[in-house]
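Let me begin by presenting the structure, written as structure tokens, before commenting on it.
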Amino acid sequence: MGSWVLAVLFVGFGLVFVRIHKGQRLLGLVKASTATGTLCYLLGWSQVFFAFPSQACPDFFERRPIVHFDRYENDVFPLHATCYWDNGEQKELVSGWVNPLLFACMAVLIGCLVALAVLAYRRYQKGHTR
């Protein structure tokens with residue numbers, strides 16, 4: 001699942017929520033970043049949860065000397081599931097684009113929420129209720 005095609009599809013799905021209407025762009029970006037980030041996190045979480053070390057991290061009996069599976073580490077934030085072998089090799093089971101896209105979505109979401117808060121404060125200072 002290391003393909004970048006899924007990342008493009010996720011971003012494309014998120015862009016469906018962006019509105020072109022004036023005054024609705026920030027809300028559209030909030031929705032888009034939330035939808036894309038949620039999909040991205042669920043995919044990465046499924047890669048961590050359904051990564052079975054016995055199948056994903058086999059011993060290499062065909063090599064000389066034989067390379068044995070050493071340990072498996074996983075975590076859900078940031079998403080990673082890594083196999084380690086006794087010869088120093090390692091293999092990441094979560095796609096490489098999942099965490100960067102997830103953090104980019106979080107940055108866009110936080111930026112939009114701060115901008116919305118600043119705009120709301122300015123409207124409140126001017127006496128507008130909407």
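Letters for chains follow the order of the structure tokens (A, B, ...), residue numbers begin at 1 for each chain, and ligand numbers begin at 1 in the order shown.
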Mind running range 92-111 of chain A against range 64-82 of chain A at 9 Å and telling me each contacting residue's nearest atom pair with the distance in Å (one decimal), counting only C-alpha atoms, chain and number ascending, as a tab-separated table?
```
residue	atom	partner	partner_atom	distance
A:Glu92	CA	A:Thr82	CA	4.5
A:Leu93	CA	A:Ala81	CA	5.4
A:Val94	CA	A:His80	CA	5.7
A:Ser95	CA	A:His80	CA	8.8
A:Val98	CA	A:Leu79	CA	7.9
A:Asn99	CA	A:Leu79	CA	6.6
```
Checklist entry - Residues at most 12 Å from Ala107 in chain A, counting only C-alpha atoms, excluding those fewer than 3 positions away in the same chain, as a PyMOL selection string? => result chain A and resi 29-30+33-34+37+100-104+110-114
Output for the residues just chosen: N, CA, C and O atoms as a PDB file, in the first residue's frame:
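Generated output (again-v1.pdb):
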```pdb
ATOM      1  N   LEU A  29     -12.735  24.377   3.642  1.00  0.00           N
ATOM      2  CA  LEU A  29     -11.416  23.822   3.938  1.00  0.00           C
ATOM      3  C   LEU A  29     -11.407  23.054   5.250  1.00  0.00           C
ATOM      4  O   LEU A  29     -10.709  22.040   5.381  1.00  0.00           O
ATOM      5  N   VAL A  30     -12.176  23.515   6.233  1.00  0.00           N
ATOM      6  CA  VAL A  30     -12.291  22.769   7.493  1.00  0.00           C
ATOM      7  C   VAL A  30     -12.903  21.398   7.218  1.00  0.00           C
ATOM      8  O   VAL A  30     -12.409  20.366   7.698  1.00  0.00           O
ATOM      9  N   SER A  33     -10.326  19.215   5.106  1.00  0.00           N
ATOM     10  CA  SER A  33      -9.195  18.706   5.870  1.00  0.00           C
ATOM     11  C   SER A  33      -9.648  17.671   6.899  1.00  0.00           C
ATOM     12  O   SER A  33      -8.943  16.692   7.156  1.00  0.00           O
ATOM     13  N   THR A  34     -10.833  17.860   7.458  1.00  0.00           N
ATOM     14  CA  THR A  34     -11.357  16.880   8.408  1.00  0.00           C
ATOM     15  C   THR A  34     -11.672  15.558   7.714  1.00  0.00           C
ATOM     16  O   THR A  34     -11.304  14.484   8.210  1.00  0.00           O
ATOM     17  N   GLY A  37      -8.270  13.982   6.483  1.00  0.00           N
ATOM     18  CA  GLY A  37      -7.499  13.512   7.626  1.00  0.00           C
ATOM     19  C   GLY A  37      -8.116  12.290   8.274  1.00  0.00           C
ATOM     20  O   GLY A  37      -7.405  11.363   8.681  1.00  0.00           O
ATOM     21  N   PRO A 100       2.570  12.112   6.669  1.00  0.00           N
ATOM     22  CA  PRO A 100       2.672  13.491   6.156  1.00  0.00           C
ATOM     23  C   PRO A 100       1.324  14.095   5.754  1.00  0.00           C
ATOM     24  O   PRO A 100       1.058  15.264   6.047  1.00  0.00           O
ATOM     25  N   LEU A 101       0.476  13.290   5.106  1.00  0.00           N
ATOM     26  CA  LEU A 101      -0.842  13.810   4.727  1.00  0.00           C
ATOM     27  C   LEU A 101      -1.695  14.074   5.952  1.00  0.00           C
ATOM     28  O   LEU A 101      -2.413  15.085   6.017  1.00  0.00           O
ATOM     29  N   LEU A 102      -1.603  13.217   6.943  1.00  0.00           N
ATOM     30  CA  LEU A 102      -2.355  13.413   8.177  1.00  0.00           C
ATOM     31  C   LEU A 102      -1.936  14.707   8.880  1.00  0.00           C
ATOM     32  O   LEU A 102      -2.780  15.509   9.298  1.00  0.00           O
ATOM     33  N   PHE A 103      -0.637  14.939   8.983  1.00  0.00           N
ATOM     34  CA  PHE A 103      -0.158  16.158   9.638  1.00  0.00           C
ATOM     35  C   PHE A 103      -0.458  17.404   8.805  1.00  0.00           C
ATOM     36  O   PHE A 103      -0.726  18.473   9.355  1.00  0.00           O
ATOM     37  N   ALA A 104      -0.439  17.278   7.476  1.00  0.00           N
ATOM     38  CA  ALA A 104      -0.814  18.415   6.625  1.00  0.00           C
ATOM     39  C   ALA A 104      -2.289  18.766   6.825  1.00  0.00           C
ATOM     40  O   ALA A 104      -2.653  19.947   6.922  1.00  0.00           O
ATOM     41  N   ILE A 110      -6.133  23.398  11.741  1.00  0.00           N
ATOM     42  CA  ILE A 110      -5.810  24.354  12.813  1.00  0.00           C
ATOM     43  C   ILE A 110      -5.712  25.767  12.262  1.00  0.00           C
ATOM     44  O   ILE A 110      -6.229  26.716  12.876  1.00  0.00           O
ATOM     45  N   GLY A 111      -5.077  25.925  11.107  1.00  0.00           N
ATOM     46  CA  GLY A 111      -4.988  27.253  10.494  1.00  0.00           C
ATOM     47  C   GLY A 111      -6.352  27.839  10.174  1.00  0.00           C
ATOM     48  O   GLY A 111      -6.611  29.022  10.427  1.00  0.00           O
ATOM     49  N   CYS A 112      -7.239  27.020   9.634  1.00  0.00           N
ATOM     50  CA  CYS A 112      -8.585  27.495   9.305  1.00  0.00           C
ATOM     51  C   CYS A 112      -9.381  27.829  10.561  1.00  0.00           C
ATOM     52  O   CYS A 112     -10.114  28.826  10.592  1.00  0.00           O
ATOM     53  N   LEU A 113      -9.263  27.019  11.596  1.00  0.00           N
ATOM     54  CA  LEU A 113      -9.984  27.301  12.833  1.00  0.00           C
ATOM     55  C   LEU A 113      -9.486  28.588  13.493  1.00  0.00           C
ATOM     56  O   LEU A 113     -10.284  29.375  14.015  1.00  0.00           O
ATOM     57  N   VAL A 114      -8.179  28.837  13.444  1.00  0.00           N
ATOM     58  CA  VAL A 114      -7.634  30.091  13.981  1.00  0.00           C
ATOM     59  C   VAL A 114      -8.142  31.267  13.158  1.00  0.00           C
ATOM     60  O   VAL A 114      -8.553  32.296  13.708  1.00  0.00           O
TER      61      VAL A 114
END
```
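Ranking A:Leu42, A:Tyr121, A:Ala35, A:Trp97 by their shortest atom-to-atom distance to Val8 in chain A, with only C-alpha atoms included, puts A:Trp97 first.
Going from CA of Ala115 in chain A to CA of Val16 in chain A covers 21.0 Å.
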Item to check | Filtered DSSP result for range 20-98 of chain A, state helix (DSSP H, G or I), as a PyMOL selection string | outcome: chain A and resi 25-49+53-56+98
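Using only C-alpha atoms, the smallest distance between any of A:Ser54, A:Gly28, A:Val11, A:Glu62 and Cys40 in chain A comes from A:Val11.
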